[in-house]
Amino acid sequence: MTTFSASDLPDLTGRTAVVTGANSGIGRVTARVLAARGARVVLAVRSPAKGREAASTMPGSTEVRELDLADLASVRAFADGFGDPVDLLINNAGLMTPPLSRTADGFESQFGTNHLGHFALTNLLLPRITGRVVTVSSGAHRVGKIDFVDLNWERKPYRAMAAYGQSKLANLLFSAELQRRLTAVGSPVLATSAHPGLAATNLFRAQGGDNPLNRLVNAGVRAVGQTDEGGAQATLHAALATVPGNAFSGPSGALGKGAPKLVGRSRAAQDAELARRLWTVSEELTGVTFPLPLTSA
């Protein structure tokens, strides 16, 4: 489906979408498009003030709720305060290659925010989810490795891109195992994933600080990459196109650009046993488990 665009989206009147990190970048575009198609969109954001500013630019029905994925207490509070059915959960928010830092619960910030925060949020909301869970990964998952000995970079020297790759590989493994479990319990909910390609978003621009090399790199990304609008197309494809469970949507063209289609993933991202092991460890780290009755894990 290489001709997919926002014009192909159905009328979403009466449906509710939760979009994490919806105050900027790809998440903001995703939220705006869904709202324009009639969905009630909940902007789940760390800064309510920034969320309200973003919501003020969107048509239709929007709501701003505070969510800090780097704090499991905040994740639980968000889920506890959300009693409505959720047609679409878009796990979009994330960090990319920051200096070493820790979440409120002591996890390396990228693994804790990009993966564990969304893992907990999804499972806590899952009894109320009726449609799809879309988790935004990255082409950088191909350089990722799940280091179960030192997931949180407490022993080995920290490498920001390697940590980012681990978190993005974790996103795909999470989606795969979530779909396996949903299928096992006969749930109609689909778990899908997407990657935006090379998109010149604020996420990319924020990394590395203001120095000549970083300015040069960012200029190059702006020159060859696609916009936030282009990057959001894969997320919308994963959310609303006719795709199977565990589908992975991404740009169809060279340089991480072009209309979205189903794309391949690394061998590690297809490792079912690795996905199961990561799920078990994620449950142990977050204290959050799969909430639906599962007879055989």
# chains A, B, ... in the order shown; residues from 1 in each chain; ligands from 1
>>> residues_around(residues="Ser252 (chain A)", least_positions_apart="6", cutoff="7 Å", atoms="only C-alpha atoms", output="VMD selection string")
chain A and resid 2 258 to 261
>>> write_last_selection(atoms="N, CA, C and O atoms", output="PDB file, in the first residue's frame")
ATOM      1  N   THR A   2       1.536   1.511  -1.137  1.00  0.00           N
ATOM      2  CA  THR A   2       2.523   2.589  -1.189  1.00  0.00           C
ATOM      3  C   THR A   2       1.901   3.927  -1.541  1.00  0.00           C
ATOM      4  O   THR A   2       2.615   4.918  -1.675  1.00  0.00           O
ATOM      5  N   GLY A 258       9.279   8.824   1.675  1.00  0.00           N
ATOM      6  CA  GLY A 258       8.271   8.234   0.815  1.00  0.00           C
ATOM      7  C   GLY A 258       7.043   7.763   1.554  1.00  0.00           C
ATOM      8  O   GLY A 258       7.005   7.713   2.784  1.00  0.00           O
ATOM      9  N   ALA A 259       6.028   7.383   0.769  1.00  0.00           N
ATOM     10  CA  ALA A 259       4.771   6.903   1.333  1.00  0.00           C
ATOM     11  C   ALA A 259       5.006   5.638   2.146  1.00  0.00           C
ATOM     12  O   ALA A 259       5.901   4.850   1.837  1.00  0.00           O
ATOM     13  N   PRO A 260       4.212   5.414   3.174  1.00  0.00           N
ATOM     14  CA  PRO A 260       4.441   4.251   4.049  1.00  0.00           C
ATOM     15  C   PRO A 260       3.997   2.943   3.413  1.00  0.00           C
ATOM     16  O   PRO A 260       3.073   2.892   2.599  1.00  0.00           O
ATOM     17  N   LYS A 261       4.660   1.880   3.836  1.00  0.00           N
ATOM     18  CA  LYS A 261       4.302   0.521   3.449  1.00  0.00           C
ATOM     19  C   LYS A 261       4.799  -0.405   4.554  1.00  0.00           C
ATOM     20  O   LYS A 261       5.494   0.028   5.491  1.00  0.00           O
TER      21      LYS A 261
END
>>> residues_around(residues="Ser167 (chain A)", least_positions_apart="6", cutoff="8 Å", atoms="only C-alpha atoms", output="list in words")
Gln110, Phe111, Asn114, His115, His141 and Gly144 of chain A
>>> residues_around(residues="region 187-195 of chain A", least_positions_apart="4", cutoff="9 Å", atoms="only C-alpha atoms", output="CSV table (one decimal) with N, CA, C and O atoms, in the first residue's frame")
chain,number,residue,atom,x,y,z
A,129,ILE,N,-8.6,-1.1,25.9
A,129,ILE,CA,-8.2,-0.9,24.5
A,129,ILE,C,-9.0,-1.8,23.6
A,129,ILE,O,-9.1,-3.0,23.9
A,130,THR,N,-9.6,-1.2,22.6
A,130,THR,CA,-10.5,-2.0,21.7
A,130,THR,C,-10.0,-2.1,20.3
A,130,THR,O,-10.6,-2.9,19.6
A,131,GLY,N,-9.0,-1.3,19.9
A,131,GLY,CA,-8.6,-1.3,18.5
A,131,GLY,C,-7.2,-1.7,18.3
A,131,GLY,O,-6.9,-2.9,18.1
A,132,ARG,N,-6.3,-0.7,18.4
A,132,ARG,CA,-4.8,-1.0,18.1
A,132,ARG,C,-3.9,-0.3,19.1
A,132,ARG,O,-4.2,0.7,19.6
A,133,VAL,N,-2.8,-1.0,19.2
A,133,VAL,CA,-1.6,-0.4,20.0
A,133,VAL,C,-0.5,-0.2,19.0
A,133,VAL,O,0.0,-1.2,18.4
A,134,VAL,N,-0.1,1.0,18.7
A,134,VAL,CA,0.9,1.3,17.7
A,134,VAL,C,2.1,1.8,18.5
A,134,VAL,O,2.0,2.8,19.3
A,135,THR,N,3.3,1.2,18.3
A,135,THR,CA,4.5,1.6,19.0
A,135,THR,C,5.5,2.1,18.0
A,135,THR,O,5.8,1.3,17.1
A,136,VAL,N,6.0,3.3,18.2
A,136,VAL,CA,6.9,3.9,17.3
A,136,VAL,C,8.3,3.4,17.6
A,136,VAL,O,8.9,3.7,18.7
A,137,SER,N,8.9,2.7,16.7
A,137,SER,CA,10.3,2.3,16.8
A,137,SER,C,11.2,3.1,15.9
A,137,SER,O,10.9,4.3,15.7
A,138,SER,N,12.3,2.6,15.3
A,138,SER,CA,13.2,3.3,14.5
A,138,SER,C,14.0,2.4,13.7
A,138,SER,O,14.2,1.2,14.1
A,139,GLY,N,14.6,2.8,12.6
A,139,GLY,CA,15.5,2.0,11.8
A,139,GLY,C,16.7,1.7,12.7
A,139,GLY,O,17.5,0.8,12.4
A,171,ASN,N,11.2,-1.9,21.5
A,171,ASN,CA,9.9,-1.5,21.0
A,171,ASN,C,9.3,-2.6,20.1
A,171,ASN,O,8.1,-3.0,20.2
A,172,LEU,N,10.1,-3.1,19.2
A,172,LEU,CA,9.6,-4.1,18.2
A,172,LEU,C,9.4,-5.4,18.9
A,172,LEU,O,8.4,-6.1,18.6
A,175,SER,N,6.1,-5.2,20.8
A,175,SER,CA,5.0,-5.3,19.9
A,175,SER,C,4.7,-6.7,19.5
A,175,SER,O,3.5,-7.2,19.4
A,176,ALA,N,5.8,-7.4,19.1
A,176,ALA,CA,5.6,-8.8,18.7
A,176,ALA,C,5.1,-9.7,19.8
A,176,ALA,O,4.1,-10.5,19.5
A,177,GLU,N,5.6,-9.6,21.0
A,177,GLU,CA,5.1,-10.4,22.1
A,177,GLU,C,3.7,-10.0,22.5
A,177,GLU,O,2.9,-10.9,22.9
A,178,LEU,N,3.4,-8.7,22.5
A,178,LEU,CA,2.1,-8.3,22.8
A,178,LEU,C,1.1,-8.9,21.8
A,178,LEU,O,0.0,-9.4,22.2
A,179,GLN,N,1.4,-8.9,20.5
A,179,GLN,CA,0.5,-9.5,19.5
A,179,GLN,C,0.3,-11.0,19.8
A,179,GLN,O,-0.8,-11.5,19.7
A,181,ARG,N,0.5,-12.6,22.6
A,181,ARG,CA,-0.4,-12.7,23.7
A,181,ARG,C,-1.8,-12.4,23.4
A,181,ARG,O,-2.8,-13.1,23.9
A,182,LEU,N,-2.0,-11.3,22.7
A,182,LEU,CA,-3.4,-10.9,22.3
A,182,LEU,C,-4.1,-12.1,21.5
A,182,LEU,O,-5.2,-12.4,21.7
A,183,THR,N,-3.3,-12.6,20.5
A,183,THR,CA,-3.8,-13.7,19.7
A,183,THR,C,-4.1,-14.9,20.6
A,183,THR,O,-5.2,-15.6,20.4
A,231,GLY,N,7.1,12.0,8.4
A,231,GLY,CA,7.4,11.0,9.4
A,231,GLY,C,6.2,10.4,10.0
A,231,GLY,O,6.2,9.2,10.4
A,232,ALA,N,5.1,11.2,10.2
A,232,ALA,CA,3.9,10.7,10.9
A,232,ALA,C,3.1,9.7,10.0
A,232,ALA,O,2.3,9.0,10.5
A,234,ALA,N,3.9,6.9,8.6
A,234,ALA,CA,4.0,5.5,8.9
A,234,ALA,C,3.2,5.2,10.2
A,234,ALA,O,2.6,4.1,10.2
A,235,THR,N,3.2,6.1,11.1
A,235,THR,CA,2.4,5.9,12.3
A,235,THR,C,0.9,5.7,12.0
A,235,THR,O,0.2,4.8,12.5
A,236,LEU,N,0.4,6.6,11.1
A,236,LEU,CA,-1.0,6.6,10.7
A,236,LEU,C,-1.3,5.3,9.9
A,236,LEU,O,-2.4,4.8,10.0
A,237,HIS,N,-0.3,4.9,9.1
A,237,HIS,CA,-0.5,3.6,8.4
A,237,HIS,C,-0.6,2.5,9.3
A,237,HIS,O,-1.5,1.6,9.2
A,238,ALA,N,0.2,2.4,10.3
A,238,ALA,CA,0.2,1.3,11.3
A,238,ALA,C,-1.1,1.4,12.1
A,238,ALA,O,-1.6,0.3,12.6
A,239,ALA,N,-1.6,2.6,12.3
A,239,ALA,CA,-2.8,2.7,13.1
A,239,ALA,C,-4.1,2.4,12.4
A,239,ALA,O,-5.1,1.9,13.0
A,243,VAL,N,-3.8,-3.8,7.9
A,243,VAL,CA,-2.5,-4.5,8.1
A,243,VAL,C,-2.7,-5.6,9.1
A,243,VAL,O,-3.6,-5.5,9.9
A,244,PRO,N,-1.9,-6.6,9.1
A,244,PRO,CA,-2.0,-7.7,10.1
A,244,PRO,C,-1.4,-7.3,11.5
A,244,PRO,O,-0.6,-6.3,11.6
A,245,GLY,N,-1.6,-8.1,12.5
A,245,GLY,CA,-1.0,-7.9,13.7
A,245,GLY,C,0.5,-8.1,13.6
A,245,GLY,O,1.0,-8.8,12.8
A,246,ASN,N,1.3,-7.3,14.4
A,246,ASN,CA,2.7,-7.3,14.4
A,246,ASN,C,3.3,-6.7,13.1
A,246,ASN,O,4.4,-7.0,12.7
A,247,ALA,N,2.5,-6.0,12.4
A,247,ALA,CA,2.9,-5.3,11.2
A,247,ALA,C,3.9,-4.2,11.6
A,247,ALA,O,3.9,-3.6,12.6
A,248,PHE,N,4.8,-3.9,10.6
A,248,PHE,CA,5.8,-2.8,10.8
A,248,PHE,C,5.8,-1.9,9.6
A,248,PHE,O,6.1,-2.3,8.5
A,249,SER,N,5.3,-0.7,9.8
A,249,SER,CA,5.2,0.3,8.8
A,249,SER,C,6.4,1.2,8.7
A,249,SER,O,6.9,1.7,9.8
A,250,GLY,N,6.8,1.6,7.5
A,250,GLY,CA,7.9,2.6,7.4
A,250,GLY,C,7.8,3.2,6.0
A,250,GLY,O,7.1,2.7,5.1
A,251,PRO,N,8.7,4.2,5.7
A,251,PRO,CA,8.7,4.8,4.4
A,251,PRO,C,9.1,3.8,3.3
A,251,PRO,O,9.9,2.9,3.6
A,262,LEU,N,4.5,-1.7,4.4
A,262,LEU,CA,5.0,-2.7,5.4
A,262,LEU,C,6.5,-2.9,5.0
A,262,LEU,O,6.8,-3.1,3.9
A,263,VAL,N,7.3,-2.9,6.1
A,263,VAL,CA,8.8,-3.0,5.9
A,263,VAL,C,9.4,-4.1,6.7
A,263,VAL,O,8.7,-4.6,7.6
>>> atom_distance(atom1="CA of Thr16 (chain A)", atom2="CA of Arg40 (chain A)")
4.7 Å
>>> atom_distance(atom1="CA of Leu198 (chain A)", atom2="CA of Ala22 (chain A)")
19.0 Å
>>> closest_atom_pairs(of="region 151-203 of chain A", to="region 81-105 of chain A", cutoff="6 Å", atoms="only C-alpha atoms", output="CSV")
residue,atom,partner,partner_atom,distance
A:Ala160,CA,A:Thr97,CA,4.6
A:Met161,CA,A:Thr97,CA,5.5
A:Tyr164,CA,A:Thr97,CA,6.0
>>> residues_around(residues="region 74-80 of chain A", least_positions_apart="3", cutoff="8 Å", atoms="only C-alpha atoms", output="JSON, numbers by chain")
{"A": [65, 66, 67, 68, 69, 71, 83, 117, 120, 121, 124, 125]}
>>> residues_around(residues="Ala140 (chain A)", least_positions_apart="6", cutoff="9 Å", atoms="only C-alpha atoms", output="MDAnalysis selection string")
chainID A and resid 161:162 164:166 168:169
>>> closest_residue(among="A:Pro293, A:Arg180, A:Ala17, A:Ala170", to="Val143 (chain A)", atoms="only C-alpha atoms")
A:Ala170
>>> atom_distance(atom1="CA of Lys156 (chain A)", atom2="CA of Gly106 (chain A)")
16.0 Å
>>> closest_residue(among="A:Glu108, A:Ser24, A:Ala54, A:Val288", to="Arg155 (chain A)", atoms="only C-alpha atoms")
A:Glu108
>>> closest_residue(among="A:Thr286, A:Leu173, A:Arg46, A:Ala70", to="Arg267 (chain A)", atoms="only C-alpha atoms")
A:Leu173
>>> residues_around(residues="Arg277 (chain A)", least_positions_apart="3", cutoff="10 Å", atoms="only C-alpha atoms", output="PyMOL selection string")
chain A and resi 148+173+177+272-274+280-282
>>> select_by_dssp(residues="region 114-248 of chain A", states="strand (DSSP E or B)", output="JSON, numbers by chain")
{"A": [129, 130, 131, 132, 133, 134, 135, 136, 190, 191, 192, 193, 194, 199, 226, 248]}
>>> select_by_dssp(residues="region 64-290 of chain A", states="alpha helix (DSSP H)", output="VMD selection string")
chain A and resid 72 to 80 109 to 110 118 to 125 160 to 184 202 to 205 212 to 224 228 to 240 272 to 286
>>> residues_around(residues="Thr62 (chain A)", least_positions_apart="4", cutoff="8 Å", atoms="only C-alpha atoms", output="PyMOL selection string")
chain A and resi 35+40-43+55+58
>>> closest_residue(among="A:Ser56, A:Gly112, A:Leu34, A:Phe174", to="Asp8 (chain A)", atoms="only C-alpha atoms")
A:Leu34
>>> decode(residues="region 100-123 of chain A", atoms="N, CA, C and O atoms", output="PDB file, in the first residue's frame")
ATOM      1  N   LEU A 100      23.980  10.253  29.512  1.00  0.00           N
ATOM      2  CA  LEU A 100      23.497   9.261  30.468  1.00  0.00           C
ATOM      3  C   LEU A 100      22.693   9.929  31.584  1.00  0.00           C
ATOM      4  O   LEU A 100      23.152  10.864  32.232  1.00  0.00           O
ATOM      5  N   SER A 101      21.490   9.429  31.783  1.00  0.00           N
ATOM      6  CA  SER A 101      20.642   9.904  32.875  1.00  0.00           C
ATOM      7  C   SER A 101      19.720   8.769  33.279  1.00  0.00           C
ATOM      8  O   SER A 101      19.641   7.734  32.611  1.00  0.00           O
ATOM      9  N   ARG A 102      19.022   8.943  34.392  1.00  0.00           N
ATOM     10  CA  ARG A 102      18.169   7.902  34.948  1.00  0.00           C
ATOM     11  C   ARG A 102      16.730   8.392  35.078  1.00  0.00           C
ATOM     12  O   ARG A 102      16.478   9.577  35.305  1.00  0.00           O
ATOM     13  N   THR A 103      15.803   7.458  34.941  1.00  0.00           N
ATOM     14  CA  THR A 103      14.408   7.786  35.191  1.00  0.00           C
ATOM     15  C   THR A 103      14.173   7.870  36.697  1.00  0.00           C
ATOM     16  O   THR A 103      15.055   7.582  37.504  1.00  0.00           O
ATOM     17  N   ALA A 104      12.953   8.229  37.073  1.00  0.00           N
ATOM     18  CA  ALA A 104      12.601   8.314  38.492  1.00  0.00           C
ATOM     19  C   ALA A 104      12.765   6.983  39.196  1.00  0.00           C
ATOM     20  O   ALA A 104      12.991   6.932  40.412  1.00  0.00           O
ATOM     21  N   ASP A 105      12.690   5.889  38.420  1.00  0.00           N
ATOM     22  CA  ASP A 105      12.798   4.551  39.003  1.00  0.00           C
ATOM     23  C   ASP A 105      14.185   3.943  38.826  1.00  0.00           C
ATOM     24  O   ASP A 105      14.391   2.770  39.134  1.00  0.00           O
ATOM     25  N   GLY A 106      15.132   4.744  38.335  1.00  0.00           N
ATOM     26  CA  GLY A 106      16.513   4.307  38.248  1.00  0.00           C
ATOM     27  C   GLY A 106      16.910   3.624  36.959  1.00  0.00           C
ATOM     28  O   GLY A 106      18.044   3.136  36.836  1.00  0.00           O
ATOM     29  N   PHE A 107      16.037   3.593  35.943  1.00  0.00           N
ATOM     30  CA  PHE A 107      16.385   2.970  34.675  1.00  0.00           C
ATOM     31  C   PHE A 107      17.155   3.938  33.787  1.00  0.00           C
ATOM     32  O   PHE A 107      16.957   5.164  33.865  1.00  0.00           O
ATOM     33  N   GLU A 108      18.030   3.408  32.937  1.00  0.00           N
ATOM     34  CA  GLU A 108      18.660   4.259  31.913  1.00  0.00           C
ATOM     35  C   GLU A 108      17.543   4.958  31.151  1.00  0.00           C
ATOM     36  O   GLU A 108      16.545   4.348  30.797  1.00  0.00           O
ATOM     37  N   SER A 109      17.688   6.250  30.891  1.00  0.00           N
ATOM     38  CA  SER A 109      16.546   7.060  30.471  1.00  0.00           C
ATOM     39  C   SER A 109      15.911   6.615  29.160  1.00  0.00           C
ATOM     40  O   SER A 109      14.669   6.645  29.026  1.00  0.00           O
ATOM     41  N   GLN A 110      16.708   6.170  28.194  1.00  0.00           N
ATOM     42  CA  GLN A 110      16.111   5.776  26.918  1.00  0.00           C
ATOM     43  C   GLN A 110      15.352   4.455  27.036  1.00  0.00           C
ATOM     44  O   GLN A 110      14.223   4.327  26.561  1.00  0.00           O
ATOM     45  N   PHE A 111      15.955   3.477  27.691  1.00  0.00           N
ATOM     46  CA  PHE A 111      15.285   2.199  27.889  1.00  0.00           C
ATOM     47  C   PHE A 111      14.056   2.388  28.783  1.00  0.00           C
ATOM     48  O   PHE A 111      12.987   1.826  28.528  1.00  0.00           O
ATOM     49  N   GLY A 112      14.208   3.204  29.816  1.00  0.00           N
ATOM     50  CA  GLY A 112      13.114   3.428  30.751  1.00  0.00           C
ATOM     51  C   GLY A 112      11.946   4.171  30.144  1.00  0.00           C
ATOM     52  O   GLY A 112      10.781   3.850  30.424  1.00  0.00           O
ATOM     53  N   THR A 113      12.232   5.168  29.306  1.00  0.00           N
ATOM     54  CA  THR A 113      11.171   5.980  28.702  1.00  0.00           C
ATOM     55  C   THR A 113      10.612   5.322  27.448  1.00  0.00           C
ATOM     56  O   THR A 113       9.399   5.115  27.321  1.00  0.00           O
ATOM     57  N   ASN A 114      11.500   4.998  26.504  1.00  0.00           N
ATOM     58  CA  ASN A 114      11.055   4.495  25.206  1.00  0.00           C
ATOM     59  C   ASN A 114      10.383   3.130  25.314  1.00  0.00           C
ATOM     60  O   ASN A 114       9.413   2.864  24.607  1.00  0.00           O
ATOM     61  N   HIS A 115      10.921   2.270  26.173  1.00  0.00           N
ATOM     62  CA  HIS A 115      10.354   0.920  26.282  1.00  0.00           C
ATOM     63  C   HIS A 115       9.544   0.699  27.558  1.00  0.00           C
ATOM     64  O   HIS A 115       8.340   0.453  27.498  1.00  0.00           O
ATOM     65  N   LEU A 116      10.183   0.779  28.722  1.00  0.00           N
ATOM     66  CA  LEU A 116       9.503   0.383  29.949  1.00  0.00           C
ATOM     67  C   LEU A 116       8.284   1.257  30.263  1.00  0.00           C
ATOM     68  O   LEU A 116       7.259   0.753  30.730  1.00  0.00           O
ATOM     69  N   GLY A 117       8.380   2.545  30.017  1.00  0.00           N
ATOM     70  CA  GLY A 117       7.233   3.418  30.254  1.00  0.00           C
ATOM     71  C   GLY A 117       6.043   3.030  29.398  1.00  0.00           C
ATOM     72  O   GLY A 117       4.900   2.943  29.879  1.00  0.00           O
ATOM     73  N   HIS A 118       6.304   2.773  28.116  1.00  0.00           N
ATOM     74  CA  HIS A 118       5.219   2.370  27.223  1.00  0.00           C
ATOM     75  C   HIS A 118       4.741   0.952  27.514  1.00  0.00           C
ATOM     76  O   HIS A 118       3.551   0.641  27.353  1.00  0.00           O
ATOM     77  N   PHE A 119       5.651   0.080  27.915  1.00  0.00           N
ATOM     78  CA  PHE A 119       5.258  -1.282  28.314  1.00  0.00           C
ATOM     79  C   PHE A 119       4.244  -1.210  29.455  1.00  0.00           C
ATOM     80  O   PHE A 119       3.188  -1.863  29.416  1.00  0.00           O
ATOM     81  N   ALA A 120       4.558  -0.427  30.474  1.00  0.00           N
ATOM     82  CA  ALA A 120       3.656  -0.307  31.622  1.00  0.00           C
ATOM     83  C   ALA A 120       2.347   0.354  31.219  1.00  0.00           C
ATOM     84  O   ALA A 120       1.259  -0.120  31.598  1.00  0.00           O
ATOM     85  N   LEU A 121       2.426   1.429  30.468  1.00  0.00           N
ATOM     86  CA  LEU A 121       1.215   2.142  30.060  1.00  0.00           C
ATOM     87  C   LEU A 121       0.280   1.229  29.279  1.00  0.00           C
ATOM     88  O   LEU A 121      -0.924   1.180  29.543  1.00  0.00           O
ATOM     89  N   THR A 122       0.829   0.509  28.312  1.00  0.00           N
ATOM     90  CA  THR A 122       0.000  -0.356  27.471  1.00  0.00           C
ATOM     91  C   THR A 122      -0.709  -1.419  28.289  1.00  0.00           C
ATOM     92  O   THR A 122      -1.922  -1.635  28.150  1.00  0.00           O
ATOM     93  N   ASN A 123       0.023  -2.092  29.140  1.00  0.00           N
ATOM     94  CA  ASN A 123      -0.592  -3.163  29.926  1.00  0.00           C
ATOM     95  C   ASN A 123      -1.613  -2.643  30.930  1.00  0.00           C
ATOM     96  O   ASN A 123      -2.631  -3.297  31.188  1.00  0.00           O
TER      97      ASN A 123
END
